[in-house]
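Undergrad: Data: entry.cif, mmCIF, N, CA and C atoms.
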```cif
data_query
#
loop_
_atom_site.label_atom_id
_atom_site.label_comp_id
_atom_site.auth_asym_id
_atom_site.auth_seq_id
_atom_site.Cartn_x
_atom_site.Cartn_y
_atom_site.Cartn_z
N GLY A 1 5.17 -1.33 11.31
CA GLY A 1 5.19 -0.79 12.65
C GLY A 1 4.26 -1.50 13.61
N ASP A 2 3.69 -2.62 13.20
CA ASP A 2 2.77 -3.39 14.05
C ASP A 2 1.63 -2.55 14.60
N LYS A 3 1.13 -1.60 13.80
CA LYS A 3 0.00 -0.79 14.21
C LYS A 3 -1.18 -1.10 13.29
N ASP A 4 -2.35 -1.26 13.88
CA ASP A 4 -3.55 -1.37 13.07
C ASP A 4 -3.86 0.01 12.53
N ARG A 5 -4.31 0.06 11.28
CA ARG A 5 -4.63 1.34 10.67
C ARG A 5 -5.97 1.25 9.96
N TYR A 6 -6.74 2.32 10.04
CA TYR A 6 -7.95 2.45 9.25
C TYR A 6 -7.63 3.44 8.15
N VAL A 7 -7.72 2.98 6.92
CA VAL A 7 -7.39 3.85 5.79
C VAL A 7 -8.47 3.76 4.74
N PRO A 8 -8.64 4.83 3.98
CA PRO A 8 -9.61 4.77 2.89
C PRO A 8 -9.12 3.81 1.80
N ILE A 9 -10.05 3.30 1.03
CA ILE A 9 -9.72 2.38 -0.06
C ILE A 9 -9.88 3.12 -1.38
N HIS A 10 -8.91 2.99 -2.24
CA HIS A 10 -8.98 3.61 -3.57
C HIS A 10 -10.21 3.07 -4.29
N TYR A 11 -10.91 3.94 -4.99
CA TYR A 11 -12.16 3.53 -5.62
C TYR A 11 -11.96 2.40 -6.64
N LYS A 12 -10.80 2.32 -7.27
CA LYS A 12 -10.55 1.26 -8.25
C LYS A 12 -10.34 -0.09 -7.57
N LEU A 13 -9.97 -0.06 -6.30
CA LEU A 13 -9.74 -1.30 -5.57
C LEU A 13 -11.05 -1.92 -5.08
N LYS A 14 -12.07 -1.10 -4.96
CA LYS A 14 -13.35 -1.55 -4.39
C LYS A 14 -13.93 -2.76 -5.13
N HIS A 15 -13.99 -2.70 -6.46
CA HIS A 15 -14.58 -3.81 -7.21
C HIS A 15 -13.68 -5.05 -7.18
N ILE A 16 -12.38 -4.86 -7.08
CA ILE A 16 -11.45 -5.99 -6.99
C ILE A 16 -11.67 -6.73 -5.67
N LEU A 17 -11.83 -5.98 -4.59
CA LEU A 17 -12.06 -6.60 -3.28
C LEU A 17 -13.43 -7.29 -3.23
N ARG A 18 -14.43 -6.69 -3.86
CA ARG A 18 -15.75 -7.34 -3.91
C ARG A 18 -15.67 -8.67 -4.64
N ARG A 19 -14.93 -8.70 -5.75
CA ARG A 19 -14.78 -9.95 -6.51
C ARG A 19 -14.02 -10.98 -5.67
N HIS A 20 -13.00 -10.53 -4.97
CA HIS A 20 -12.24 -11.42 -4.08
C HIS A 20 -13.17 -12.07 -3.06
N LEU A 21 -14.03 -11.27 -2.45
CA LEU A 21 -14.96 -11.80 -1.45
C LEU A 21 -15.98 -12.75 -2.09
N THR A 22 -16.45 -12.42 -3.28
CA THR A 22 -17.39 -13.29 -4.00
C THR A 22 -16.72 -14.63 -4.33
N ASP A 23 -15.48 -14.57 -4.83
CA ASP A 23 -14.74 -15.79 -5.15
C ASP A 23 -14.53 -16.65 -3.91
N ARG A 24 -14.22 -16.00 -2.80
CA ARG A 24 -14.03 -16.74 -1.55
C ARG A 24 -15.31 -17.41 -1.11
N LYS A 25 -16.42 -16.70 -1.24
CA LYS A 25 -17.72 -17.26 -0.84
C LYS A 25 -18.04 -18.47 -1.71
N THR A 26 -17.79 -18.36 -3.01
CA THR A 26 -18.01 -19.48 -3.94
C THR A 26 -17.16 -20.68 -3.55
N ALA A 27 -15.94 -20.43 -3.10
CA ALA A 27 -15.03 -21.51 -2.69
C ALA A 27 -15.30 -21.97 -1.26
N LYS A 28 -16.38 -21.47 -0.65
CA LYS A 28 -16.74 -21.83 0.74
C LYS A 28 -15.63 -21.47 1.73
N LYS A 29 -14.97 -20.34 1.50
CA LYS A 29 -13.91 -19.85 2.39
C LYS A 29 -14.39 -18.56 3.02
N GLU A 30 -15.37 -18.66 3.89
CA GLU A 30 -15.89 -17.47 4.55
C GLU A 30 -15.15 -17.23 5.86
N SER A 31 -14.79 -15.98 6.09
CA SER A 31 -14.04 -15.62 7.28
C SER A 31 -14.29 -14.15 7.58
N ILE A 32 -14.06 -13.76 8.81
CA ILE A 32 -14.16 -12.34 9.15
C ILE A 32 -12.94 -11.57 8.64
N HIS A 33 -11.90 -12.30 8.26
CA HIS A 33 -10.67 -11.68 7.78
C HIS A 33 -10.73 -11.49 6.27
N LEU A 34 -10.22 -10.38 5.79
CA LEU A 34 -10.26 -10.09 4.37
C LEU A 34 -9.34 -11.02 3.58
N PHE A 35 -8.15 -11.27 4.10
CA PHE A 35 -7.20 -12.14 3.41
C PHE A 35 -6.89 -13.34 4.30
N VAL A 36 -7.09 -14.52 3.74
CA VAL A 36 -6.83 -15.76 4.47
C VAL A 36 -5.83 -16.60 3.71
N GLY A 37 -5.29 -17.60 4.40
CA GLY A 37 -4.33 -18.50 3.77
C GLY A 37 -4.97 -19.30 2.63
N ALA A 38 -4.13 -19.84 1.76
CA ALA A 38 -4.61 -20.58 0.59
C ALA A 38 -5.32 -21.88 0.99
N ARG A 39 -4.91 -22.47 2.11
CA ARG A 39 -5.47 -23.76 2.51
C ARG A 39 -6.30 -23.69 3.78
N THR A 40 -6.56 -22.51 4.27
CA THR A 40 -7.26 -22.37 5.54
C THR A 40 -8.09 -21.09 5.56
N ASN A 41 -8.97 -20.97 6.53
CA ASN A 41 -9.74 -19.74 6.72
C ASN A 41 -9.11 -18.84 7.77
N LYS A 42 -7.91 -19.19 8.18
CA LYS A 42 -7.20 -18.37 9.16
C LYS A 42 -6.59 -17.15 8.47
N PRO A 43 -6.39 -16.07 9.23
CA PRO A 43 -5.85 -14.86 8.61
C PRO A 43 -4.48 -15.12 7.97
N LEU A 44 -4.22 -14.41 6.89
CA LEU A 44 -2.93 -14.50 6.22
C LEU A 44 -1.85 -14.06 7.20
N THR A 45 -0.81 -14.85 7.31
CA THR A 45 0.27 -14.56 8.27
C THR A 45 1.41 -13.80 7.59
N VAL A 46 2.31 -13.30 8.41
CA VAL A 46 3.50 -12.62 7.89
C VAL A 46 4.28 -13.59 7.00
N SER A 47 4.43 -14.82 7.44
CA SER A 47 5.17 -15.79 6.61
C SER A 47 4.41 -16.10 5.32
N GLY A 48 3.10 -16.07 5.36
CA GLY A 48 2.30 -16.25 4.14
C GLY A 48 2.52 -15.11 3.16
N ILE A 49 2.58 -13.90 3.67
CA ILE A 49 2.84 -12.74 2.82
C ILE A 49 4.25 -12.83 2.24
N ARG A 50 5.22 -13.25 3.06
CA ARG A 50 6.59 -13.43 2.56
C ARG A 50 6.61 -14.44 1.41
N GLY A 51 5.84 -15.51 1.54
CA GLY A 51 5.78 -16.53 0.49
C GLY A 51 5.19 -15.97 -0.80
N ILE A 52 4.16 -15.16 -0.68
CA ILE A 52 3.55 -14.53 -1.85
C ILE A 52 4.56 -13.62 -2.54
N PHE A 53 5.27 -12.83 -1.76
CA PHE A 53 6.26 -11.92 -2.35
C PHE A 53 7.42 -12.70 -2.97
N LYS A 54 7.79 -13.81 -2.38
CA LYS A 54 8.86 -14.63 -2.96
C LYS A 54 8.44 -15.12 -4.35
N LYS A 55 7.20 -15.60 -4.46
CA LYS A 55 6.70 -16.05 -5.76
C LYS A 55 6.63 -14.90 -6.76
N LEU A 56 6.17 -13.73 -6.31
CA LEU A 56 6.11 -12.56 -7.20
C LEU A 56 7.50 -12.17 -7.70
N ARG A 57 8.50 -12.23 -6.80
CA ARG A 57 9.86 -11.89 -7.21
C ARG A 57 10.40 -12.89 -8.22
N GLU A 58 10.06 -14.17 -8.05
CA GLU A 58 10.51 -15.20 -9.00
C GLU A 58 9.89 -14.97 -10.37
N VAL A 59 8.62 -14.63 -10.40
CA VAL A 59 7.91 -14.43 -11.67
C VAL A 59 8.37 -13.16 -12.37
N THR A 60 8.52 -12.07 -11.60
CA THR A 60 8.86 -10.78 -12.21
C THR A 60 10.36 -10.57 -12.40
N LYS A 61 11.16 -11.37 -11.70
CA LYS A 61 12.63 -11.20 -11.72
C LYS A 61 13.04 -9.84 -11.13
N LEU A 62 12.18 -9.28 -10.30
CA LEU A 62 12.45 -8.02 -9.61
C LEU A 62 12.47 -8.28 -8.11
N TYR A 63 13.39 -7.64 -7.40
CA TYR A 63 13.40 -7.79 -5.95
C TYR A 63 12.69 -6.60 -5.33
N PHE A 64 11.68 -6.88 -4.51
CA PHE A 64 10.98 -5.84 -3.78
C PHE A 64 10.34 -6.46 -2.55
N THR A 65 10.11 -5.62 -1.57
CA THR A 65 9.51 -6.05 -0.32
C THR A 65 8.19 -5.30 -0.10
N PRO A 66 7.35 -5.79 0.79
CA PRO A 66 6.13 -5.03 1.11
C PRO A 66 6.45 -3.61 1.58
N HIS A 67 7.52 -3.47 2.34
CA HIS A 67 7.87 -2.14 2.85
C HIS A 67 8.31 -1.22 1.71
N GLN A 68 9.00 -1.78 0.71
CA GLN A 68 9.39 -0.96 -0.45
C GLN A 68 8.15 -0.50 -1.21
N LEU A 69 7.15 -1.35 -1.31
CA LEU A 69 5.91 -0.94 -1.98
C LEU A 69 5.24 0.19 -1.20
N ARG A 70 5.30 0.12 0.12
CA ARG A 70 4.75 1.18 0.97
C ARG A 70 5.47 2.50 0.71
N HIS A 71 6.81 2.44 0.65
CA HIS A 71 7.59 3.65 0.36
C HIS A 71 7.27 4.18 -1.03
N THR A 72 7.10 3.29 -1.98
CA THR A 72 6.77 3.70 -3.34
C THR A 72 5.44 4.44 -3.35
N PHE A 73 4.45 3.91 -2.64
CA PHE A 73 3.15 4.58 -2.56
C PHE A 73 3.31 5.98 -1.97
N GLY A 74 4.04 6.10 -0.86
CA GLY A 74 4.23 7.41 -0.23
C GLY A 74 4.91 8.39 -1.15
N SER A 75 5.92 7.93 -1.87
CA SER A 75 6.64 8.81 -2.80
C SER A 75 5.75 9.26 -3.95
N ILE A 76 4.98 8.33 -4.51
CA ILE A 76 4.09 8.68 -5.62
C ILE A 76 3.01 9.66 -5.15
N ALA A 77 2.48 9.45 -3.96
CA ALA A 77 1.46 10.36 -3.43
C ALA A 77 2.02 11.78 -3.32
N VAL A 78 3.24 11.91 -2.81
CA VAL A 78 3.87 13.22 -2.68
C VAL A 78 4.13 13.82 -4.07
N GLU A 79 4.63 13.00 -5.00
CA GLU A 79 4.91 13.49 -6.35
C GLU A 79 3.64 13.95 -7.06
N GLN A 80 2.51 13.37 -6.70
CA GLN A 80 1.24 13.76 -7.32
C GLN A 80 0.53 14.85 -6.50
N ASN A 81 1.30 15.49 -5.61
CA ASN A 81 0.84 16.66 -4.84
C ASN A 81 -0.31 16.37 -3.89
N VAL A 82 -0.37 15.16 -3.35
CA VAL A 82 -1.32 14.90 -2.28
C VAL A 82 -0.80 15.64 -1.05
N ALA A 83 -1.66 16.36 -0.37
CA ALA A 83 -1.25 17.16 0.79
C ALA A 83 -0.60 16.27 1.85
N LEU A 84 0.48 16.77 2.43
CA LEU A 84 1.22 15.97 3.41
C LEU A 84 0.38 15.47 4.57
N PRO A 85 -0.54 16.28 5.14
CA PRO A 85 -1.38 15.72 6.21
C PRO A 85 -2.22 14.53 5.75
N LYS A 86 -2.65 14.56 4.48
CA LYS A 86 -3.41 13.42 3.95
C LYS A 86 -2.52 12.21 3.79
N VAL A 87 -1.30 12.41 3.27
CA VAL A 87 -0.35 11.29 3.14
C VAL A 87 -0.04 10.73 4.52
N GLN A 88 0.15 11.61 5.49
CA GLN A 88 0.41 11.18 6.87
C GLN A 88 -0.71 10.29 7.38
N GLN A 89 -1.94 10.70 7.15
CA GLN A 89 -3.08 9.93 7.64
C GLN A 89 -3.18 8.59 6.92
N ILE A 90 -3.03 8.60 5.59
CA ILE A 90 -3.11 7.36 4.82
C ILE A 90 -2.02 6.39 5.25
N MET A 91 -0.81 6.91 5.48
CA MET A 91 0.32 6.05 5.85
C MET A 91 0.26 5.61 7.32
N GLY A 92 -0.58 6.29 8.10
CA GLY A 92 -0.72 5.93 9.51
C GLY A 92 0.40 6.44 10.39
N HIS A 93 1.06 7.51 9.95
CA HIS A 93 2.15 8.10 10.73
C HIS A 93 1.58 8.97 11.84
N SER A 94 2.06 8.78 13.05
CA SER A 94 1.61 9.62 14.15
C SER A 94 2.33 10.96 14.15
N ASP A 95 3.51 11.02 13.53
CA ASP A 95 4.31 12.24 13.48
C ASP A 95 4.56 12.63 12.02
N ILE A 96 4.33 13.88 11.68
CA ILE A 96 4.51 14.36 10.31
C ILE A 96 5.95 14.18 9.84
N GLN A 97 6.89 14.14 10.78
CA GLN A 97 8.30 13.95 10.40
C GLN A 97 8.52 12.61 9.70
N SER A 98 7.74 11.61 10.08
CA SER A 98 7.84 10.31 9.40
C SER A 98 7.38 10.42 7.96
N THR A 99 6.46 11.30 7.69
CA THR A 99 5.94 11.50 6.34
C THR A 99 6.90 12.32 5.51
N MET A 100 7.66 13.18 6.15
CA MET A 100 8.57 14.08 5.44
C MET A 100 9.64 13.33 4.64
N ILE A 101 9.92 12.09 4.99
CA ILE A 101 10.92 11.32 4.24
C ILE A 101 10.53 11.20 2.78
N TYR A 102 9.23 11.16 2.50
CA TYR A 102 8.78 11.04 1.12
C TYR A 102 9.00 12.33 0.34
N VAL A 103 8.97 13.46 1.02
CA VAL A 103 9.27 14.73 0.38
C VAL A 103 10.75 14.75 0.02
N LYS A 104 11.59 14.31 0.94
CA LYS A 104 13.03 14.28 0.69
C LYS A 104 13.38 13.32 -0.44
N MET A 105 12.62 12.22 -0.55
CA MET A 105 12.89 11.21 -1.57
C MET A 105 12.44 11.68 -2.94
N SER A 106 11.57 12.66 -3.00
CA SER A 106 10.93 13.05 -4.26
C SER A 106 11.53 14.33 -4.82
N SER A 107 12.56 14.20 -5.64
CA SER A 107 13.16 15.39 -6.24
C SER A 107 12.20 16.01 -7.26
N ARG A 108 11.37 15.18 -7.89
CA ARG A 108 10.40 15.70 -8.86
C ARG A 108 9.41 16.62 -8.15
N ALA A 109 8.96 16.24 -6.96
CA ALA A 109 8.02 17.08 -6.21
C ALA A 109 8.69 18.38 -5.79
N LEU A 110 9.97 18.32 -5.44
CA LEU A 110 10.68 19.53 -5.06
C LEU A 110 10.81 20.47 -6.25
N SER A 111 11.15 19.92 -7.41
CA SER A 111 11.27 20.75 -8.61
C SER A 111 9.93 21.36 -8.97
N ALA A 112 8.85 20.60 -8.87
CA ALA A 112 7.51 21.11 -9.18
C ALA A 112 7.16 22.25 -8.23
N GLY A 113 7.50 22.08 -6.96
CA GLY A 113 7.23 23.13 -5.97
C GLY A 113 8.00 24.40 -6.28
N LEU A 114 9.26 24.26 -6.64
CA LEU A 114 10.07 25.41 -6.98
C LEU A 114 9.54 26.10 -8.24
N ASN A 115 9.18 25.32 -9.25
CA ASN A 115 8.68 25.88 -10.50
C ASN A 115 7.32 26.56 -10.35
N ALA A 116 6.59 26.23 -9.29
CA ALA A 116 5.29 26.85 -9.06
C ALA A 116 5.41 28.25 -8.49
N VAL A 117 6.58 28.59 -7.97
CA VAL A 117 6.80 29.91 -7.39
C VAL A 117 7.05 30.91 -8.51
N GLU A 118 6.23 31.97 -8.55
CA GLU A 118 6.40 33.02 -9.56
C GLU A 118 7.51 33.96 -9.11
N MET A 119 8.62 33.94 -9.83
CA MET A 119 9.76 34.77 -9.42
C MET A 119 10.01 35.93 -10.39
N PHE A 120 9.67 35.75 -11.63
CA PHE A 120 10.01 36.78 -12.62
C PHE A 120 8.78 37.27 -13.32
#
```
Here is the file; what I need is its structure written in the form of structure tokens.
TA:
Amino acid sequence: GDKDRYVPIHYKLKHILRRHLTDRKTAKKESIHLFVGARTNKPLTVSGIRGIFKKLREVTKLYFTPHQLRHTFGSIAVEQNVALPKVQQIMGHSDIQSTMIYVKMSSRALSAGLNAVEMF
């Protein structure tokens, strides 16, 4: 959506990003940007990301896009019962209706919700 977003970082990602920054410093690739091109200190571009995904698809023999990974994250968050306002904030949606698509996509979450209701 071409929107800048401020989102929390998963605690398991923290040490990976620190190592990334340390490796970059060792390689004398210091930049204000977290991710830079392989041959430059300029920020990673959309075409650079496309190239990375192309290589990943070749290696894994699976077709996926960055946007599909985003949808996967949203669906998993809903399936693991993360509150919708939190998913909305993490995903950077300005309208909760944009977040609701993940509820519709998650039949497991719907079944869990139904099974949580005490009826008998």
Undergrad: Could you list, as a PyMOL selection string, every residue within 12 Å of Thr65 of chain A, counting only C-alpha atoms and ignoring same-chain residues fewer than 2 positions away?
TA: chain A and resi 49-57+62-63+67-72
Undergrad: Between atom C of Lys3 of chain A and atom CA of Asp23 of chain A, what is the distance in Å, rounded to a tenth?
TA: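 Straight-line distance from atom C of Lys3 of chain A to atom CA of Asp23 of chain A works out to 27.2 Å.
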Undergrad: If you run DSSP on the backbone here, which positions in chain A get alpha helix (DSSP H)? Please write them as a ChimeraX atom specification.
TA: /A:11-26,46-60,66-79,84-91,96-105,107-116
Undergrad: Can you list, as JSON, numbers by chain, the residues that the PyMOL selection byres ((chain A and resi 85-94) around 7) selects here?
TA: {"A": [5, 6, 7, 8, 74, 77, 78, 82, 83, 84, 95, 96, 97, 98, 99]}
Undergrad: With all atoms listed in the file as the atoms that count, which of A:Ala116, A:Leu34, A:Val103, A:Val46 lies nearest to Leu21 of chain A?
TA: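 Between A:Ala116, A:Leu34, A:Val103, A:Val46, the residue approaching Leu21 of chain A most closely is A:Leu34.
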Undergrad: By how many Å are atom CA of Lys12 of chain A and atom CA of Arg24 of chain A apart?
TA: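 Distance between the two atoms: 19.5 Å.
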Undergrad: For a test of reading the model, state the distance in Å between atom CA of Thr40 of chain A and atom CA of Tyr11 of chain A, rounded to one decimal.
TA: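 Taking atom CA of Thr40 of chain A and atom CA of Tyr11 of chain A, their separation equals 28.6 Å.
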Undergrad: Within 8 Å of (-1.6, -13.6, 5.1) (file coordinates; only N, CA and C atoms), which protein or nucleic acid residues are there? I'd like them as a PyMOL selection string.
TA: chain A and resi 35-38+42-50
Undergrad: Draw an axis-aligned box tight on the listed atoms of segment 37-41 of chain A, then pad every side by 5 Å and write out centre and edge lengths in Å to one decimal as AutoDock Vina command-line options.
TA:
```
--center_x -6.9 --center_y -20.7 --center_z 4.2 --size_x 15.6 --size_y 16.2 --size_z 17.2
```
